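Please read the structure below before turning to the comments.
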Amino acid sequence: MTTPEIVETAPAKLNLYLHVLGRRADGFHELDSLVAFADVGDTVTARPGFARVTLRGMALPPVGPRLAVSGPFGAALMGEDPSRNLVIRAAHALAARLGREADVVLVLDKRLPVASGIGGGSADAAATLRALARLWEVPADAALLYEVGVTLGADVPVCLAGRPAFFGGIGEQLDEAPALPECHAVLVNPGVPVPTPAVFKARTGAFSAPARFIRAPADAAELAALLRERGNDLTAPALTVAPVIADVLASIEGTAGCLLSRLSGSGATCFGLYATAAQAAEAASGIAAAQPKWWVKPARLLPAPADAPPLPRGLQVPARQDLGQDMAPPPPIPFPDTGGWGVG
């Protein structure tokens with residue numbers, strides 16, 4: 001019998017604009033953002049692990065979830081505490097919600113830079129939830145996936161949706177976005193991780209107003225024009241944390257055909273928008289040649305699928321002290337089969 005293997009993609013998330021509306025009493029910030037996804041990203045593979053077994057009358061804990069990490073940015077995760085990895089936390093959280101063992105083997109092919117403002121960890125968590133839903137026969141549009149996702153991080157719900165959407169609150173309020181036109185991008189990261197808390201701590205000045213639009217832009221140029229009327233409120237504070245972001249934005253802006261150059265999220269990844277794939281490819285080639293140590297990728301913005309289910313409503317964010325509660329896994333154990341690490 002063939003062991004089922006589920007593969008889910010974790011596409012890069014781009015904040016086409018990001019406004020900070022205010023700061024709540026619990027310390028979280030209220031946001032307004034239009035999010036799109038690119039056709040580059042990580043992948044998560046899931047397959048059944050070992051269920052609980054009995055040895056000499058004693059029930060032993062299941063071996064799982066186990067996580068192996070590969071890919072060009074996999075090494076960046078090896079030094080981290082596995083209990084903080086969002087893939088592992090997602091597996092534990094969904095298993096706990098379903099009242100079952102987290103007996104699964106997961107492989108994360110890490111191709112997006114870590115702590116880079118394009119939702120890599122959140123996208124990985126969302127892909128894990130989708131993969132496990134398929135493996136454990138949970139409906140893909142089940143509300144509980146979003147209910148679990150919102151406990152893992154502010155970007156996880158929109159990454160679960162995986163299509164253009166507005167988000168508000170701290171990420172739990174999702175609304176449909178107008179259809180976006182065919183649009184291409186270049187993603188550039190200078191190799192400097194930027195911790196989100198440090199960027200929010202450095203933010204000063206007045207807060208912004210929401211800036212959603214209803215009309216669907218006709219083409220990439222019109223989309224860029226709409227976005228130029230908006231901005232990313234985290235750009236200025238991110239520059240104080242990683243001044244090299246200014247060089248990245250200038251490099252993108254100086255390419256032929258660039259319609260918009262912008263920071264995504266809290267950085268340090270920036271993106272440029274282009275009307276055609278050829279323009280994006282040429283721009284990416286030029287930037288990579290000039291800055292060989294930077295991560296540079298041409299990409300296409302992903303459209304919303306025709307059969308996309310409705311976005312969830314009424315998601316509740318746990319209190320700050322409850323985030324991650326009861327999700328911490330036991331201590332790590334070796335995973336020698338692939339040279340990665342795992343937790344059980």
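Residues in the structure tokens are named by chain (A, B, ... in the order shown) and by number from 1 within that chain; ligands are numbered from 1 in the order shown.
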Going by DSSP on the backbone, which bits of range 50-233 of chain A are strand (DSSP E)? Write them as a short mmCIF file (atom, residue, chain, number, x, y, z; two decimals) with C-alpha atoms, in the first residue's frame, please.
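Saved result, out-v6.cif, follows:
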data_model
loop_
_atom_site.label_atom_id
_atom_site.label_comp_id
_atom_site.auth_asym_id
_atom_site.auth_seq_id
_atom_site.Cartn_x
_atom_site.Cartn_y
_atom_site.Cartn_z
CA VAL A 53 2.19 1.96 20.20
CA THR A 54 2.16 -0.30 23.27
CA LEU A 55 5.35 -1.88 24.58
CA MET A 58 2.87 0.58 28.41
CA ALA A 59 1.50 3.08 25.89
CA LEU A 60 4.37 4.98 24.30
CA ARG A 66 8.68 15.13 12.93
CA LEU A 67 10.07 17.91 10.81
CA ALA A 68 12.86 17.82 8.27
CA VAL A 69 14.06 21.09 6.76
CA SER A 70 15.70 21.49 3.36
CA VAL A 104 2.79 13.07 10.93
CA VAL A 105 6.10 13.51 9.15
CA LEU A 106 6.58 16.99 7.67
CA VAL A 107 9.22 18.23 5.24
CA LEU A 108 9.69 21.97 4.79
CA ASP A 109 11.53 23.04 1.65
CA ALA A 165 -7.60 40.05 0.09
CA PHE A 166 -7.85 43.01 2.40
CA PHE A 167 -7.09 42.35 6.01
CA GLY A 168 -7.85 44.43 9.07
CA GLN A 173 -10.56 40.48 9.65
CA LEU A 174 -10.50 39.32 6.02
CA ASP A 175 -12.45 40.91 3.18
CA GLU A 176 -12.62 40.23 -0.53
CA HIS A 184 4.51 40.70 -12.52
CA ALA A 185 6.99 41.45 -9.79
CA VAL A 186 10.59 41.26 -8.70
CA LEU A 187 11.25 40.31 -5.08
CA VAL A 188 14.56 41.44 -3.57
CA ASN A 189 16.00 40.70 -0.13
#
Within 6 Å of range 30-38 of chain A, counting only C-alpha atoms, which residues qualify if same-chain residues fewer than 4 places away don't, as a list of chain:residue names?
A:Pro11, A:Ala12, A:Lys13, A:Leu14, A:Asn15, A:Leu16, A:Tyr17, A:Leu18, A:His19, A:Val20, A:Leu21, A:Gly22, A:Pro164, A:Ala165, A:Phe166, A:Phe167, A:Gly168, A:Gly169, A:Ile170, A:Pro210, A:Ala299, A:Arg300, A:Leu301, A:Leu302
Show me, as an NGL selection string, the residues that have an atom within 8 Å of range 314-319 of chain A when counting only C-alpha atoms, minus same-chain residues fewer than 6 positions from it.
:A and (146-147 or 150-151 or 172-173)
Those residues with N, CA and C atoms, as a PDB file, in the first residue's frame please?
ATOM      1  N   TYR A 146      -9.135  28.253  10.022  1.00  0.00           N
ATOM      2  CA  TYR A 146      -8.897  29.670  10.303  1.00  0.00           C
ATOM      3  C   TYR A 146      -8.874  29.933  11.809  1.00  0.00           C
ATOM      4  N   GLU A 147      -9.721  29.225  12.549  1.00  0.00           N
ATOM      5  CA  GLU A 147      -9.748  29.410  14.003  1.00  0.00           C
ATOM      6  C   GLU A 147      -8.433  28.982  14.639  1.00  0.00           C
ATOM      7  N   VAL A 150      -5.526  31.677  13.346  1.00  0.00           N
ATOM      8  CA  VAL A 150      -5.451  32.992  13.981  1.00  0.00           C
ATOM      9  C   VAL A 150      -4.713  32.927  15.310  1.00  0.00           C
ATOM     10  N   THR A 151      -4.614  31.737  15.916  1.00  0.00           N
ATOM     11  CA  THR A 151      -3.852  31.604  17.157  1.00  0.00           C
ATOM     12  C   THR A 151      -2.353  31.511  16.905  1.00  0.00           C
ATOM     13  N   GLU A 172      -7.040  39.279  11.600  1.00  0.00           N
ATOM     14  CA  GLU A 172      -8.158  38.332  11.686  1.00  0.00           C
ATOM     15  C   GLU A 172      -9.376  38.751  10.868  1.00  0.00           C
ATOM     16  N   GLN A 173      -9.413  39.998  10.414  1.00  0.00           N
ATOM     17  CA  GLN A 173     -10.557  40.483   9.646  1.00  0.00           C
ATOM     18  C   GLN A 173     -10.219  40.448   8.153  1.00  0.00           C
TER      19      GLN A 173
END
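Ranking A:Ser208, A:Ser251, A:Asn85, A:Thr240 by their shortest atom-to-atom distance to Arg23 in chain A, with only C-alpha atoms included, puts A:Ser208 first.
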So, counting only C-alpha atoms, which residue among A:Val194, A:Cys183, A:Ala177, A:Ala308 is closest to Gly272 in chain A?
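Among the listed residues, the smallest separation from Gly272 in chain A belongs to A:Cys183.
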Neighbours of Ala10 in chain A within 9 Å (only C-alpha atoms; same-chain residues fewer than 3 positions away dropped), as a PyMOL selection string?
chain A and resi 13+40-44+120-128+159+162
Write a file of the just-selected residues containing N, CA and C atoms, as a CSV table (one decimal), in the first residue's frame.
chain,number,residue,atom,x,y,z
A,13,LYS,N,4.0,36.2,0.4
A,13,LYS,CA,2.9,37.2,0.6
A,13,LYS,C,3.5,38.6,0.4
A,40,VAL,N,6.3,32.3,-6.2
A,40,VAL,CA,7.5,31.7,-5.6
A,40,VAL,C,7.2,31.5,-4.1
A,41,GLY,N,7.8,30.5,-3.6
A,41,GLY,CA,7.6,30.2,-2.2
A,41,GLY,C,8.2,28.9,-1.7
A,42,ASP,N,7.8,28.5,-0.5
A,42,ASP,CA,8.2,27.3,0.1
A,42,ASP,C,7.3,26.2,-0.2
A,43,THR,N,7.6,25.0,0.1
A,43,THR,CA,6.6,23.9,0.0
A,43,THR,C,6.7,23.1,1.3
A,44,VAL,N,5.5,22.5,1.7
A,44,VAL,CA,5.4,21.7,2.9
A,44,VAL,C,4.8,20.3,2.4
A,120,GLY,N,6.9,34.3,5.2
A,120,GLY,CA,7.4,32.9,5.0
A,120,GLY,C,6.9,31.9,6.1
A,121,GLY,N,7.1,32.3,7.4
A,121,GLY,CA,6.7,31.4,8.5
A,121,GLY,C,5.2,31.2,8.5
A,122,SER,N,4.5,32.3,8.3
A,122,SER,CA,3.0,32.3,8.3
A,122,SER,C,2.5,31.4,7.1
A,123,ALA,N,3.1,31.6,6.0
A,123,ALA,CA,2.7,30.8,4.8
A,123,ALA,C,3.0,29.4,5.0
A,124,ASP,N,4.1,29.1,5.7
A,124,ASP,CA,4.5,27.7,6.0
A,124,ASP,C,3.4,27.1,7.0
A,125,ALA,N,3.0,27.8,8.0
A,125,ALA,CA,2.0,27.4,8.9
A,125,ALA,C,0.7,27.1,8.2
A,126,ALA,N,0.3,28.0,7.3
A,126,ALA,CA,-1.0,27.9,6.5
A,126,ALA,C,-0.9,26.6,5.6
A,127,ALA,N,0.3,26.4,4.9
A,127,ALA,CA,0.4,25.3,4.1
A,127,ALA,C,0.4,24.0,4.9
A,128,THR,N,0.9,24.0,6.1
A,128,THR,CA,0.9,22.8,7.0
A,128,THR,C,-0.6,22.5,7.4
A,159,CYS,N,-2.9,34.0,4.7
A,159,CYS,CA,-2.1,33.0,4.0
A,159,CYS,C,-2.9,31.7,3.8
A,162,GLY,N,-4.9,32.5,0.8
A,162,GLY,CA,-4.0,32.3,-0.3
A,162,GLY,C,-4.4,33.1,-1.6
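Using only C-alpha atoms, the nearest neighbour of Arg130 in chain A within the list A:Ala284, A:Val114, A:Ala90, A:Ala256 is A:Ala90.
Using only C-alpha atoms, the nearest neighbour of Pro309 in chain A within the list A:Ala161, A:Ile118, A:Val192, A:Ala131 is A:Ala161.
Put simply, CA of Glu8 in chain A is 24.7 Å away from CA of Gly267 in chain A.
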Kindly indicate which residue among A:Gly254, A:Gly231, A:Gly191, A:Pro181 lies nearest to Asp219 in chain A, using only C-alpha atoms for the distances.
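For Asp219 in chain A, the nearest of the given residues is A:Pro181.
For Phe200 in chain A, the list of residues within 9 Å, based on only C-alpha atoms and with local chain neighbours fewer than 5 positions off taken out, reads His29, Leu234, Pro237, Ala238 and Ser266 of chain A.
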For the residues selected in the previous step, produce a file with C-alpha atoms as a compact mmCIF listing (two decimals), in the first residue's frame.
# COMPACT_ATOMS: atom_id res chain seq x y z
CA HIS A 29 -1.51 47.29 16.21
CA LEU A 234 6.49 50.47 8.26
CA PRO A 237 10.90 52.48 10.96
CA ALA A 238 12.26 49.52 8.97
CA SER A 266 8.18 44.97 7.99
With only C-alpha atoms as the counted atoms, please give the residues lying no more than 6 Å from Arg111 in chain A, apart from itself and same-chain residues fewer than 3 positions off, as number ranges by chain.
A: 42, 71-73
